[in-house]
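K.L.:
What follows is input32.cif; its format and atoms are mmCIF, C-alpha atoms.
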```
data_protein
loop_
_atom_site.label_atom_id
_atom_site.label_comp_id
_atom_site.auth_asym_id
_atom_site.auth_seq_id
_atom_site.Cartn_x
_atom_site.Cartn_y
_atom_site.Cartn_z
CA MET A 104 65.03 244.73 51.52
CA SER A 105 67.92 247.09 51.39
CA GLU A 106 68.53 249.72 48.80
CA TYR A 107 72.04 248.36 48.41
CA GLY A 108 70.93 244.75 48.12
CA THR A 109 68.67 245.79 45.26
CA GLU A 110 71.34 247.95 43.66
CA LEU A 111 73.94 245.20 44.03
CA LEU A 112 71.67 242.68 42.28
CA LYS A 113 70.88 245.11 39.47
CA ARG A 114 74.58 245.74 38.89
CA GLN A 115 75.42 242.05 38.90
CA LEU A 116 72.61 241.24 36.50
CA THR A 117 73.78 243.97 34.11
CA GLU A 118 77.37 242.77 34.38
CA LEU A 119 76.44 239.12 33.76
CA SER A 120 74.30 240.08 30.77
CA LYS A 121 77.14 242.13 29.27
CA ASN A 122 79.92 239.65 30.10
CA PRO A 123 78.23 236.30 30.46
CA ILE A 124 80.16 233.40 31.92
CA ASP A 125 80.54 230.22 29.89
CA LEU A 126 77.65 227.76 29.95
CA VAL A 127 75.25 230.01 31.84
CA SER A 128 72.53 232.43 30.92
CA VAL A 129 70.72 234.54 33.47
CA GLY A 130 67.54 236.59 33.55
CA LEU A 131 64.75 237.66 35.86
CA VAL A 132 61.64 235.56 36.41
CA ASP A 133 59.63 238.76 36.52
CA ASP A 134 61.22 242.01 35.34
CA SER A 135 59.89 243.92 38.32
CA ASN A 136 61.60 241.69 40.90
CA VAL A 137 65.37 241.63 40.96
CA TYR A 138 65.35 239.11 43.86
CA GLU A 139 64.23 236.16 41.73
CA TRP A 140 66.49 235.00 38.90
CA GLU A 141 66.00 232.35 36.29
CA ILE A 142 69.17 230.52 35.35
CA MET A 143 69.96 228.14 32.51
CA ILE A 144 73.04 226.00 32.94
CA MET A 145 74.48 223.92 30.17
CA GLY A 146 76.15 220.72 31.34
CA PRO A 147 79.92 221.18 31.01
CA ASP A 148 81.65 219.26 28.19
CA GLY A 149 83.51 216.18 29.29
CA THR A 150 81.23 215.66 32.30
CA LEU A 151 78.27 213.33 32.75
CA TYR A 152 75.99 216.34 32.45
CA GLU A 153 77.27 217.28 28.97
CA GLY A 154 74.49 218.27 26.59
CA GLY A 155 71.98 219.03 29.33
CA PHE A 156 70.07 222.31 29.59
CA PHE A 157 69.23 222.67 33.24
CA LYS A 158 66.90 225.34 34.49
CA ALA A 159 67.21 226.72 37.98
CA ARG A 160 65.91 229.52 40.20
CA LEU A 161 68.13 231.75 42.26
CA THR A 162 66.11 233.29 45.09
CA PHE A 163 67.66 236.10 47.09
CA PRO A 164 66.52 236.77 50.67
CA SER A 165 65.35 240.24 51.71
CA ASP A 166 68.51 240.63 53.80
CA PHE A 167 70.79 239.87 50.85
CA PRO A 168 73.78 240.21 50.83
CA ASN A 169 74.01 239.51 54.58
CA MET A 170 72.53 236.14 53.80
CA PRO A 171 73.02 233.97 50.71
CA PRO A 172 70.48 233.18 48.00
CA THR A 173 69.14 229.68 47.53
CA MET A 174 69.52 227.90 44.24
CA THR A 175 66.98 225.33 43.17
CA PHE A 176 66.98 223.29 39.99
CA THR A 177 63.55 223.32 38.40
CA SER A 178 64.70 220.76 35.85
CA GLU A 179 65.01 217.26 37.20
CA MET A 180 68.50 216.67 38.59
CA TRP A 181 70.46 213.70 39.86
CA HIS A 182 73.50 214.74 41.81
CA PRO A 183 74.93 214.01 45.30
CA ASN A 184 74.85 217.71 46.23
CA VAL A 185 71.32 218.47 45.07
CA TYR A 186 68.35 217.63 47.32
CA ALA A 187 65.41 215.70 45.95
CA ASP A 188 63.46 218.97 45.70
CA GLY A 189 66.19 220.47 43.51
CA LYS A 190 67.82 222.64 46.17
CA VAL A 191 71.56 222.98 45.68
CA CYS A 192 73.72 222.28 48.70
CA ILE A 193 77.20 223.75 48.33
CA SER A 194 79.26 225.37 51.06
CA ILE A 195 79.26 228.94 49.72
CA LEU A 196 75.45 228.97 49.74
CA HIS A 197 75.41 228.19 53.46
CA PRO A 198 74.91 231.09 55.84
CA PRO A 199 77.79 231.69 58.22
CA GLY A 200 77.39 230.37 61.75
CA GLU A 201 75.82 227.04 60.90
CA ASP A 202 79.06 225.16 61.56
CA GLU A 203 78.19 224.53 65.21
CA PHE A 204 75.78 221.96 63.83
CA ASN A 205 77.90 220.55 61.08
CA SER A 206 81.50 220.45 62.17
CA GLN A 207 82.46 218.65 58.99
CA GLU A 208 82.02 221.85 57.09
CA SER A 209 83.53 224.33 59.52
CA ALA A 210 86.65 224.85 57.47
CA ASP A 211 84.76 225.28 54.20
CA GLU A 212 84.07 228.51 52.49
CA ARG A 213 80.80 230.06 53.63
CA TRP A 214 78.62 232.72 52.17
CA ARG A 215 79.92 236.24 52.62
CA PRO A 216 78.60 239.51 51.19
CA ILE A 217 81.58 240.05 48.91
CA LEU A 218 80.79 236.93 46.90
CA GLY A 219 78.91 237.62 43.71
CA VAL A 220 76.39 235.69 41.67
CA GLU A 221 79.24 234.89 39.32
CA GLN A 222 81.10 232.96 42.05
CA ILE A 223 77.93 231.04 42.87
CA LEU A 224 77.42 230.02 39.24
CA ILE A 225 81.07 229.02 38.86
CA SER A 226 80.78 226.89 42.01
CA VAL A 227 77.64 225.20 40.69
CA ILE A 228 79.36 224.35 37.40
CA SER A 229 82.32 223.02 39.30
CA MET A 230 79.92 220.98 41.44
CA LEU A 231 78.53 219.37 38.26
CA SER A 232 82.06 218.45 37.13
CA ASP A 233 83.16 217.28 40.53
CA PRO A 234 80.50 215.97 42.95
CA ASN A 235 81.38 216.06 46.63
CA ASP A 236 80.20 212.87 48.32
CA GLU A 237 81.58 213.88 51.74
CA SER A 238 78.45 215.76 52.77
CA PRO A 239 75.71 214.61 50.44
CA ALA A 240 72.31 216.26 50.09
CA ASN A 241 70.95 213.34 48.12
CA LEU A 242 72.23 210.25 49.89
CA ASP A 243 71.02 207.79 47.25
CA ALA A 244 72.78 209.70 44.53
CA ALA A 245 75.95 209.88 46.66
CA VAL A 246 75.94 206.16 47.40
CA MET A 247 75.30 205.37 43.72
CA TRP A 248 78.08 207.78 42.68
CA ARG A 249 80.49 206.06 45.04
CA ASN A 250 79.50 202.42 44.49
CA ASP A 251 77.87 202.09 41.10
CA LYS A 252 79.19 204.56 38.56
CA THR A 253 77.43 202.80 35.68
CA ALA A 254 74.01 203.17 37.26
CA PHE A 255 74.83 206.75 38.20
CA LYS A 256 75.80 207.58 34.60
CA LYS A 257 72.59 206.02 33.31
CA LYS A 258 70.47 208.03 35.71
CA VAL A 259 72.26 211.25 34.76
CA ARG A 260 71.80 210.52 31.02
CA GLN A 261 68.08 210.28 31.73
CA VAL A 262 67.93 213.71 33.35
CA VAL A 263 70.08 215.16 30.54
CA ARG A 264 67.67 213.78 27.92
CA LYS A 265 64.69 215.02 29.86
CA SER A 266 66.21 218.50 30.11
CA GLN A 267 66.74 218.52 26.32
CA GLU A 268 63.14 217.52 25.68
CA GLU A 269 61.78 220.21 27.98
CA CYS A 270 64.04 222.86 26.58
CA MET B 1376 67.50 195.10 49.11
CA ALA B 1377 64.24 197.00 48.91
CA ASP B 1378 64.30 197.56 52.66
CA GLU B 1379 67.79 198.90 52.49
CA SER B 1380 66.96 201.45 49.86
CA GLN B 1381 63.86 202.47 51.78
CA SER B 1382 65.84 203.08 54.94
CA LYS B 1383 68.31 205.14 52.97
CA ASP B 1384 65.41 207.19 51.70
CA GLU B 1385 64.32 207.76 55.26
CA ASP B 1386 67.82 208.73 56.34
CA ASN B 1387 68.02 211.12 53.51
CA THR B 1388 64.67 212.69 54.35
CA SER B 1389 65.41 212.93 58.05
CA ASN B 1390 68.79 214.50 57.31
CA PHE B 1391 67.04 217.03 55.13
CA GLN B 1392 64.43 217.67 57.83
CA LYS B 1393 67.11 218.07 60.49
CA VAL B 1394 68.88 220.69 58.42
CA GLN B 1395 65.58 222.48 57.86
CA GLN B 1396 64.71 222.35 61.58
CA THR B 1397 68.10 223.70 62.59
CA GLN B 1398 67.74 226.43 60.02
CA ALA B 1399 64.29 227.29 61.38
CA GLN B 1400 65.60 227.44 64.95
CA LEU B 1401 68.45 229.69 63.92
CA GLU B 1402 66.07 231.97 62.08
CA ALA B 1403 63.78 232.17 65.12
CA ILE B 1404 66.69 233.17 67.37
CA GLU B 1405 67.87 235.75 64.89
CA LYS B 1406 64.35 237.15 64.56
CA GLU B 1407 64.05 237.51 68.34
CA ILE B 1408 67.37 239.35 68.53
CA ARG B 1409 66.34 241.66 65.69
CA GLU B 1410 63.05 242.51 67.37
CA ASN B 1411 64.42 243.05 70.86
CA GLN B 1412 67.74 244.75 70.29
CA PRO B 1413 68.24 247.80 68.08
CA LEU B 1414 71.43 247.77 65.98
CA THR B 1415 72.71 250.46 68.34
CA SER B 1416 70.88 251.69 71.44
CA GLU B 1417 70.39 255.18 72.84
CA LEU B 1418 72.89 256.20 75.53
CA LYS B 1419 72.36 254.33 78.79
CA PRO B 1420 73.79 254.93 82.26
CA ILE B 1421 76.64 252.56 83.15
CA ALA B 1422 74.57 251.14 85.99
CA THR B 1423 72.21 249.65 83.39
CA LEU B 1424 74.86 246.99 82.87
CA LYS B 1425 74.22 245.75 86.40
CA ALA B 1426 70.63 244.79 85.68
CA VAL B 1427 71.73 241.61 83.91
CA TYR B 1428 73.61 240.38 86.96
CA ASN B 1429 71.18 241.36 89.74
CA GLY B 1430 70.58 238.56 92.18
CA ASP B 1431 73.18 236.32 90.60
CA ASP B 1432 75.59 235.33 93.37
CA ASN B 1433 78.13 234.04 90.89
CA ALA B 1434 78.33 237.40 89.20
CA LYS B 1435 80.02 239.33 91.96
CA PHE B 1436 83.00 240.40 89.82
CA PHE B 1437 80.65 241.54 87.08
CA VAL B 1438 78.78 243.72 89.58
CA SER B 1439 81.92 245.18 91.14
CA GLY B 1440 83.32 245.59 87.62
CA VAL B 1441 80.34 247.79 86.73
CA ASP B 1442 81.04 249.85 89.89
CA TYR B 1443 84.62 250.28 88.74
CA LEU B 1444 83.46 251.33 85.26
CA SER B 1445 81.14 253.99 86.77
CA THR B 1446 84.20 255.78 88.18
CA LEU B 1447 85.56 256.30 84.64
CA TYR B 1448 82.60 256.24 82.30
CA GLN B 1449 79.21 257.87 82.40
CA SER B 1450 77.33 255.92 79.81
CA THR B 1451 77.28 253.07 77.34
CA ARG B 1452 75.70 252.45 73.97
CA MET B 1453 74.72 248.87 73.43
CA THR B 1454 74.95 247.16 70.07
CA ARG B 1455 72.97 244.21 68.79
CA GLY B 1456 74.44 240.80 69.60
CA ASP B 1457 74.46 239.56 66.02
CA GLY B 1458 78.16 238.81 65.61
CA SER B 1459 78.94 242.16 64.03
CA CYS B 1460 78.84 244.10 67.32
CA TYR B 1461 82.53 244.96 67.29
CA TYR B 1462 82.40 246.51 63.84
CA ARG B 1463 79.21 248.43 64.67
CA SER B 1464 80.63 249.69 67.99
CA PHE B 1465 83.90 250.70 66.32
CA LEU B 1466 82.08 252.56 63.55
CA TYR B 1467 79.70 254.36 65.89
CA SER B 1468 82.43 255.46 68.31
CA LEU B 1469 84.77 256.43 65.46
CA SER B 1470 82.05 258.54 63.77
CA GLU B 1471 81.31 260.41 67.00
CA HIS B 1472 84.98 261.19 67.51
CA LEU B 1473 85.43 262.35 63.93
CA MET B 1474 82.44 264.69 64.16
CA LYS B 1475 84.41 266.52 66.85
CA ASN B 1476 87.82 266.53 65.18
CA GLU B 1477 88.10 267.90 61.67
CA ALA B 1478 91.77 267.00 61.16
CA GLU B 1479 91.14 263.38 62.06
CA LEU B 1480 88.02 263.31 59.91
CA THR B 1481 90.07 264.51 56.94
CA ARG B 1482 92.79 261.95 57.63
CA ILE B 1483 90.41 259.03 57.95
CA THR B 1484 88.20 259.99 55.02
CA LYS B 1485 91.37 260.13 52.91
CA TYR B 1486 92.45 256.70 54.18
CA VAL B 1487 89.06 255.17 53.38
CA LYS B 1488 88.91 256.82 49.94
CA GLU B 1489 92.36 255.52 49.03
CA SER B 1490 91.82 252.09 50.55
CA ASN B 1491 90.28 250.51 47.46
CA SER B 1492 93.59 249.98 45.69
CA ALA B 1493 95.03 248.03 48.65
CA VAL B 1494 91.78 246.09 48.96
CA ILE B 1495 92.06 245.05 45.32
CA ASN B 1496 95.84 244.60 45.08
CA VAL B 1497 96.78 243.36 48.56
CA GLY B 1498 93.46 241.93 49.72
CA GLY B 1499 92.91 240.29 46.35
CA TYR B 1500 89.25 241.35 46.21
CA ASP B 1501 87.48 241.78 42.93
CA GLU B 1502 86.63 245.40 42.20
CA MET B 1503 83.17 244.39 41.04
CA ALA B 1504 82.59 242.62 44.37
CA ILE B 1505 83.59 245.48 46.63
CA ASP B 1506 82.81 248.72 44.81
CA ILE B 1507 79.27 249.07 46.08
CA PHE B 1508 80.41 248.70 49.73
CA TYR B 1509 83.33 251.03 49.09
CA GLU B 1510 81.05 253.69 47.64
CA ALA B 1511 78.71 253.39 50.63
CA ILE B 1512 81.39 253.89 53.27
CA VAL B 1513 83.07 256.76 51.40
CA GLU B 1514 79.73 258.51 51.09
CA PHE B 1515 79.10 257.95 54.81
CA PHE B 1516 82.41 259.55 55.86
CA GLU B 1517 81.93 262.41 53.39
CA GLU B 1518 78.57 263.21 54.91
CA LEU B 1519 79.75 263.05 58.53
CA PRO B 1520 80.61 266.79 58.78
CA LYS B 1521 76.99 267.67 57.95
CA MET B 1522 75.51 265.16 60.37
CA THR B 1523 73.91 265.89 63.72
CA PRO B 1524 74.20 263.29 66.51
CA GLU B 1525 70.50 262.50 66.00
CA LYS B 1526 70.99 261.96 62.28
CA LEU B 1527 74.03 259.78 62.94
CA HIS B 1528 72.02 257.65 65.33
CA GLU B 1529 69.19 257.29 62.85
CA GLU B 1530 71.63 256.41 60.07
CA LEU B 1531 73.47 253.74 62.08
CA THR B 1532 70.37 252.23 63.66
CA GLN B 1533 68.43 251.74 60.45
CA GLU B 1534 68.01 248.10 59.49
CA ASN B 1535 69.62 246.77 56.30
CA ALA B 1536 71.34 250.04 55.67
CA THR B 1537 74.48 252.06 56.44
CA SER B 1538 75.59 250.06 59.48
CA ASP B 1539 75.53 246.86 57.42
CA TYR B 1540 77.16 248.35 54.32
CA CYS B 1541 79.97 249.81 56.39
CA THR B 1542 80.39 246.57 58.36
CA TRP B 1543 80.91 244.66 55.10
CA TYR B 1544 83.64 247.04 54.11
CA LEU B 1545 85.24 247.17 57.58
CA ARG B 1546 85.50 243.39 57.38
CA VAL B 1547 87.24 243.70 54.01
CA LEU B 1548 89.63 246.34 55.40
CA THR B 1549 90.43 244.10 58.39
CA ALA B 1550 91.13 241.16 56.07
CA THR B 1551 93.27 243.31 53.77
CA PHE B 1552 95.35 244.48 56.73
CA LEU B 1553 95.92 240.90 57.89
CA LYS B 1554 96.90 239.89 54.35
CA SER B 1555 99.39 242.77 54.16
CA ASP B 1556 101.60 241.12 56.79
CA PRO B 1557 100.81 237.40 57.01
CA SER B 1558 103.96 236.36 58.88
CA ARG B 1559 103.15 238.79 61.68
CA PHE B 1560 99.54 237.66 62.14
CA LEU B 1561 99.68 233.97 61.32
CA PRO B 1562 100.88 232.90 64.81
CA TYR B 1563 97.84 234.59 66.42
CA LEU B 1564 95.09 232.82 64.49
CA GLU B 1565 92.95 230.57 66.65
CA ASP B 1566 91.77 227.05 65.85
CA GLY B 1567 94.93 226.12 64.02
CA TYR B 1568 94.24 228.08 60.84
CA MET B 1569 97.16 227.52 58.50
CA ASP B 1570 96.87 230.54 56.26
CA ILE B 1571 95.51 234.06 56.40
CA ALA B 1572 93.36 233.81 53.28
CA THR B 1573 91.33 230.88 54.62
CA TYR B 1574 91.00 232.60 57.98
CA CYS B 1575 89.64 235.72 56.30
CA GLN B 1576 87.20 233.69 54.18
CA THR B 1577 85.73 231.81 57.11
CA GLN B 1578 86.15 234.15 60.10
CA ILE B 1579 86.21 237.73 58.83
CA GLU B 1580 84.33 238.11 55.56
CA PRO B 1581 81.00 236.46 56.53
CA MET B 1582 78.51 238.67 58.38
CA GLY B 1583 77.83 237.45 61.89
CA LYS B 1584 81.33 236.17 62.55
CA GLU B 1585 82.58 237.75 65.75
CA CYS B 1586 85.66 239.92 65.78
CA THR B 1587 88.64 238.29 67.48
CA MET B 1588 91.62 239.92 69.18
CA VAL B 1589 93.73 239.74 66.03
CA SER B 1590 91.07 241.49 63.95
CA VAL B 1591 90.55 244.15 66.66
CA LEU B 1592 94.26 244.87 66.38
CA ALA B 1593 94.22 244.87 62.58
CA LEU B 1594 91.30 247.29 62.34
CA ALA B 1595 92.84 249.71 64.88
CA GLU B 1596 96.13 249.74 63.01
CA ALA B 1597 94.48 250.00 59.62
CA PHE B 1598 92.69 253.19 60.73
CA GLN B 1599 95.63 254.30 62.91
CA VAL B 1600 93.35 254.88 65.88
CA ARG B 1601 93.77 253.90 69.52
CA VAL B 1602 91.20 251.42 70.78
CA GLN B 1603 90.92 250.91 74.54
CA ILE B 1604 88.83 247.97 75.66
CA GLU B 1605 87.66 247.37 79.22
CA TYR B 1606 87.22 243.66 79.97
CA LEU B 1607 84.14 243.07 82.10
CA ASP B 1608 84.56 239.32 81.99
CA GLY B 1609 83.65 238.24 85.54
CA ARG B 1610 87.18 237.28 86.45
CA PRO B 1611 88.43 238.27 89.92
CA PHE B 1612 90.22 241.64 89.92
CA GLU B 1613 91.71 243.88 92.59
CA ASP B 1614 91.25 247.58 91.90
CA LYS B 1615 90.95 247.76 88.10
CA LEU B 1616 89.42 245.70 85.33
CA THR B 1617 91.80 244.45 82.67
CA ARG B 1618 92.17 246.97 79.87
CA HIS B 1619 93.69 246.07 76.52
CA GLU B 1620 94.81 248.77 74.15
CA PHE B 1621 95.35 248.46 70.41
CA GLY B 1622 96.66 250.75 67.67
CA PRO B 1623 99.14 253.61 67.91
CA GLU B 1624 99.37 255.22 71.34
CA GLU B 1625 99.92 258.68 69.90
CA SER B 1626 96.75 258.62 67.78
CA LEU B 1627 94.48 261.64 68.30
CA THR B 1628 91.45 259.40 68.06
CA LYS B 1629 90.94 257.22 71.12
CA LEU B 1630 87.92 254.94 71.20
CA SER B 1631 86.66 253.31 74.41
CA LEU B 1632 84.81 250.03 74.11
CA LEU B 1633 83.46 247.52 76.57
CA TYR B 1634 84.00 243.79 76.28
CA ARG B 1635 81.74 241.28 77.95
CA PRO B 1636 82.14 237.61 77.04
CA GLY B 1637 81.28 237.36 73.35
CA HIS B 1638 80.13 240.95 73.01
CA TYR B 1639 81.27 244.57 72.53
CA ASP B 1640 79.55 247.91 73.30
CA VAL B 1641 80.62 251.56 73.23
CA LEU B 1642 81.75 253.40 76.39
CA TYR B 1643 81.60 257.15 77.06
CA ALA B 1644 84.16 258.63 79.46
CA THR B 1645 83.01 260.94 82.22
CA ALA B 1646 83.68 264.48 81.06
#
```
As structure tokens, please, write out the structure in this file.

P.N.:
Amino acid sequence: MSEYGTELLKRQLTELSKNPIDLVSVGLVDDSNVYEWEIMIMGPDGTLYEGGFFKARLTFPSDFPNMPPTMTFTSEMWHPNVYADGKVCISILHPPGEDEFNSQESADERWRPILGVEQILISVISMLSDPNDESPANLDAAVMWRNDKTAFKKKVRQVVRKSQEEC
Amino acid sequence: MADESQSKDEDNTSNFQKVQQTQAQLEAIEKEIRENQPLTSELKPIATLKAVYNGDDNAKFFVSGVDYLSTLYQSTRMTRGDGSCYYRSFLYSLSEHLMKNEAELTRITKYVKESNSAVINVGGYDEMAIDIFYEAIVEFFEELPKMTPEKLHEELTQENATSDYCTWYLRVLTATFLKSDPSRFLPYLEDGYMDIATYCQTQIEPMGKECTMVSVLALAEAFQVRVQIEYLDGRPFEDKLTRHEFGPEESLTKLSLLYRPGHYDVLYATA
């Protein structure tokens, strides 16, 4: 762990607590560990996820900010870009240098140290509004999203309701 | 129908596993590099470079290239091959030169201190996103006059510390310089990049992305220092290796670096 990684996370947490971004609240899982954040995301209005209260963990690696954090929904989620175990798969959370193995994504934005937690959260909200079925993490969800919007909507309403009950 | 959905499940799982495996392999390689190569090595005789090529018949121009280098340089300092080697080599060599030249130290410290407004206004970076890296590099240059060579080495070899913080900011300075004159640099971008901002996002800002010729040029001009690079690339040569030079010729600070395919180290001229 680097002194600056720790300091950077403390500053960002303070900043996000003072000037929160819409639809998101952030906090630490355990006050003594700034590398593990608990996030609550409200489903954006006008999207299928509207009304949902989704909990997630943001886990920062010890070599942050060289490497990106991982974001994992702890609430149940149904989305083409979220793995079955809840892990979020969006390009800015990918470490640089992986593109040799996934040429499809080579031109996408990757993680870089100057990105902040705020950019991650904004990207996740934008992911909820606008799923990307080009490189799906959850293939079933992606296929359903592409071919059977009605079934997809129904499934998402279920996870929204479940998130409200657990809230 | 049931079969189909089952096979999709399997695809999905195997895709997930593949990604995880690849990730694990990458992490193993990175771990090995971290354990076996310090961020920056102690000084080593030029002949050390030969060791890699011993007994390799195809490497004859590497071996004779090392002989050529020994006529001009006495030692080298090797940097870790983690994709940030250029920035680390540049920073190390620059620091050593500045410790010996007060006027240049003053000039460059002033440049770095005043760079944040260009980074925000020209580079388009968010102050919140860069200030911690900016503070780190300013503090580093301000402390240089008090530093001994041993302290400098300790500082720049420590893991997850100064060398990384400064590399983040050097990447931002490189990107800002490219963005200050897009029409000049656009034709030199590799891989058909269509705009400077995307190039910076994908090739300059992430840690581990190697420095290319255009960023070498940008960094040298941003700091107004001369960078001379010897190309030990195994290509046939007659009496001299290819040397490329970047940045203003009249600069009082002249850094010598070594290029081998995909990697940069620091060179020290024979006194």

K.L.:
List as a list in words the protein and nucleic acid residues near segment 217-219 of chain A, meaning an atom at most 7 Å away when only C-alpha atoms are counted, but skip any in the same chain fewer than 4 places from it.

P.N.:
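That gives Ile223 of chain A; Ala1504 and Ile1505 of chain B.
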
K.L.:
Quick one: residues within 10 Å of Glu1517 of chain B, only C-alpha atoms, excluding same-chain residues fewer than 5 positions away - as a PyMOL selection string?

P.N.:
chain B and resi 1480-1481+1484-1485+1488+1511-1512+1522

K.L.:
Using the chain letters and numbers from the file, give me the residues hit by the PyMOL selection byres ((chain B and resi 1487) around 12), as JSON, numbers by chain.

P.N.:
{"B": [1480, 1481, 1482, 1483, 1484, 1485, 1486, 1488, 1489, 1490, 1491, 1492, 1493, 1494, 1508, 1509, 1510, 1511, 1512, 1513, 1514, 1515, 1516, 1517, 1541, 1544, 1545, 1547, 1548, 1597, 1598, 1599]}

K.L.:
Do you have the atom CA of Arg249 of chain A-atom CA of Trp181 of chain A distance handy?

P.N.:
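Between atom CA of Arg249 of chain A and atom CA of Trp181 of chain A the gap is 13.6 Å.
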
K.L.:
Could you tell me which of B:Ala1426, B:Leu1561, B:Met1582, B:Met1453 comes closest to Trp1543 of chain B if we count only C-alpha atoms?

P.N.:
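So, comparing all the options, the nearest one is B:Met1582.
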
K.L.:
Taking 5 positions as the minimum chain separation for residues in the same chain, which residues sit within 8 Å of segment 157-174 of chain A when counting only C-alpha atoms? Answer as a list in words.

P.N.:
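The contact residues come out as Met104, Ser105, Gly108, Tyr138, Glu139, Trp140, Glu141, Ile142, Met143, Ile144, Met145, Gly146, Glu179, Lys190, Val191, Leu196, His197, Pro198, Trp214, Arg215, Pro216 and Ser266 of chain A; Asn1535, Pro1581 and Met1582 of chain B.
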
K.L.:
Out of B:Gly1622, B:Pro1420, B:Pro1562, B:Gly1498, which residue has the shortest atom-to-atom distance to Ala1644 of chain B when counting all atoms listed in the file?

P.N.:
B:Pro1420

K.L.:
Give as an NGL selection string the residues that the PyMOL selection byres ((chain B and resi 1462) around 8) matches when applied to the coordinates above.

P.N.:
:B and (1459-1461 or 1463-1466 or 1542 or 1545-1546 or 1586)

K.L.:
Give as number ranges by chain the residues that the PyMOL selection byres ((chain A and resi 155) around 10) matches when applied to the coordinates above.

P.N.:
A: 143-148, 151-154, 156-158, 178, 259-268, 270

K.L.:
Mind dumping the selected residues with C-alpha atoms as a short mmCIF file (atom, residue, chain, number, x, y, z; two decimals), in the frame of the given file?

P.N.:
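So the final result, stored in result03.cif, reads:
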```
data_model
loop_
_atom_site.label_atom_id
_atom_site.label_comp_id
_atom_site.auth_asym_id
_atom_site.auth_seq_id
_atom_site.Cartn_x
_atom_site.Cartn_y
_atom_site.Cartn_z
CA MET A 143 69.96 228.14 32.51
CA ILE A 144 73.04 226.00 32.94
CA MET A 145 74.48 223.92 30.17
CA GLY A 146 76.15 220.72 31.34
CA PRO A 147 79.92 221.18 31.01
CA ASP A 148 81.65 219.26 28.19
CA LEU A 151 78.27 213.33 32.75
CA TYR A 152 75.99 216.34 32.45
CA GLU A 153 77.27 217.28 28.97
CA GLY A 154 74.49 218.27 26.59
CA PHE A 156 70.07 222.31 29.59
CA PHE A 157 69.23 222.67 33.24
CA LYS A 158 66.90 225.34 34.49
CA SER A 178 64.70 220.76 35.85
CA VAL A 259 72.26 211.25 34.76
CA ARG A 260 71.80 210.52 31.02
CA GLN A 261 68.08 210.28 31.73
CA VAL A 262 67.93 213.71 33.35
CA VAL A 263 70.08 215.16 30.54
CA ARG A 264 67.67 213.78 27.92
CA LYS A 265 64.69 215.02 29.86
CA SER A 266 66.21 218.50 30.11
CA GLN A 267 66.74 218.52 26.32
CA GLU A 268 63.14 217.52 25.68
CA CYS A 270 64.04 222.86 26.58
#
```

K.L.:
What is the distance, in Å and to one decimal place, between atom CA of Arg1409 of chain B and atom CA of Leu111 of chain A?

P.N.:
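So the two atoms, atom CA of Arg1409 of chain B and atom CA of Leu111 of chain A, lie 23.2 Å apart.
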
K.L.:
Find the residue from B:Asn1476, B:Ser1590, B:Thr1573, B:Asn1429 that sits nearest to chain A; use all atoms listed in the file when measuring.

P.N.:
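Between B:Asn1476, B:Ser1590, B:Thr1573, B:Asn1429, the residue approaching chain A most closely is B:Thr1573.
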
K.L.:
Pick out the closest residue to chain A from this set: B:Ser1470, B:Gln1578, B:Ser1631, B:Asn1496. Count all atoms listed in the file.

P.N.:
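Result for the nearest residue to chain A: B:Gln1578.
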
K.L.:
Distance atom CA of Ile1408 of chain B-atom CA of Glu110 of chain A, one decimal place?

P.N.:
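A separation of 26.6 Å between them.
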
K.L.:
Hey, which of B:Val1602, B:Met1474, B:Ala1434, B:Leu1594 ends up closest to Lys1521 of chain B? Count all atoms listed in the file.

P.N.:
B:Met1474

K.L.:
Pick out the closest residue to chain B from this set: A:Lys113, A:Lys252, A:Lys257, A:Arg213. Count all atoms listed in the file.

P.N.:
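Checking each of A:Lys113, A:Lys252, A:Lys257, A:Arg213 against chain B, counting all atoms listed in the file, the winner is A:Arg213.
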
K.L.:
Write out as a short mmCIF file (atom, residue, chain, number, x, y, z; two decimals) with C-alpha atoms, in the coordinates of the input the residues lying within 9 Å of Gln115 of chain A, counting only C-alpha atoms and excluding same-chain residues fewer than 3 positions away.

P.N.:
```cif
data_model
loop_
_atom_site.label_atom_id
_atom_site.label_comp_id
_atom_site.auth_asym_id
_atom_site.auth_seq_id
_atom_site.Cartn_x
_atom_site.Cartn_y
_atom_site.Cartn_z
CA GLU A 110 71.34 247.95 43.66
CA LEU A 111 73.94 245.20 44.03
CA LEU A 112 71.67 242.68 42.28
CA GLU A 118 77.37 242.77 34.38
CA LEU A 119 76.44 239.12 33.76
CA SER A 120 74.30 240.08 30.77
CA GLY A 219 78.91 237.62 43.71
CA VAL A 220 76.39 235.69 41.67
CA GLU A 221 79.24 234.89 39.32
CA MET B 1503 83.17 244.39 41.04
#
```
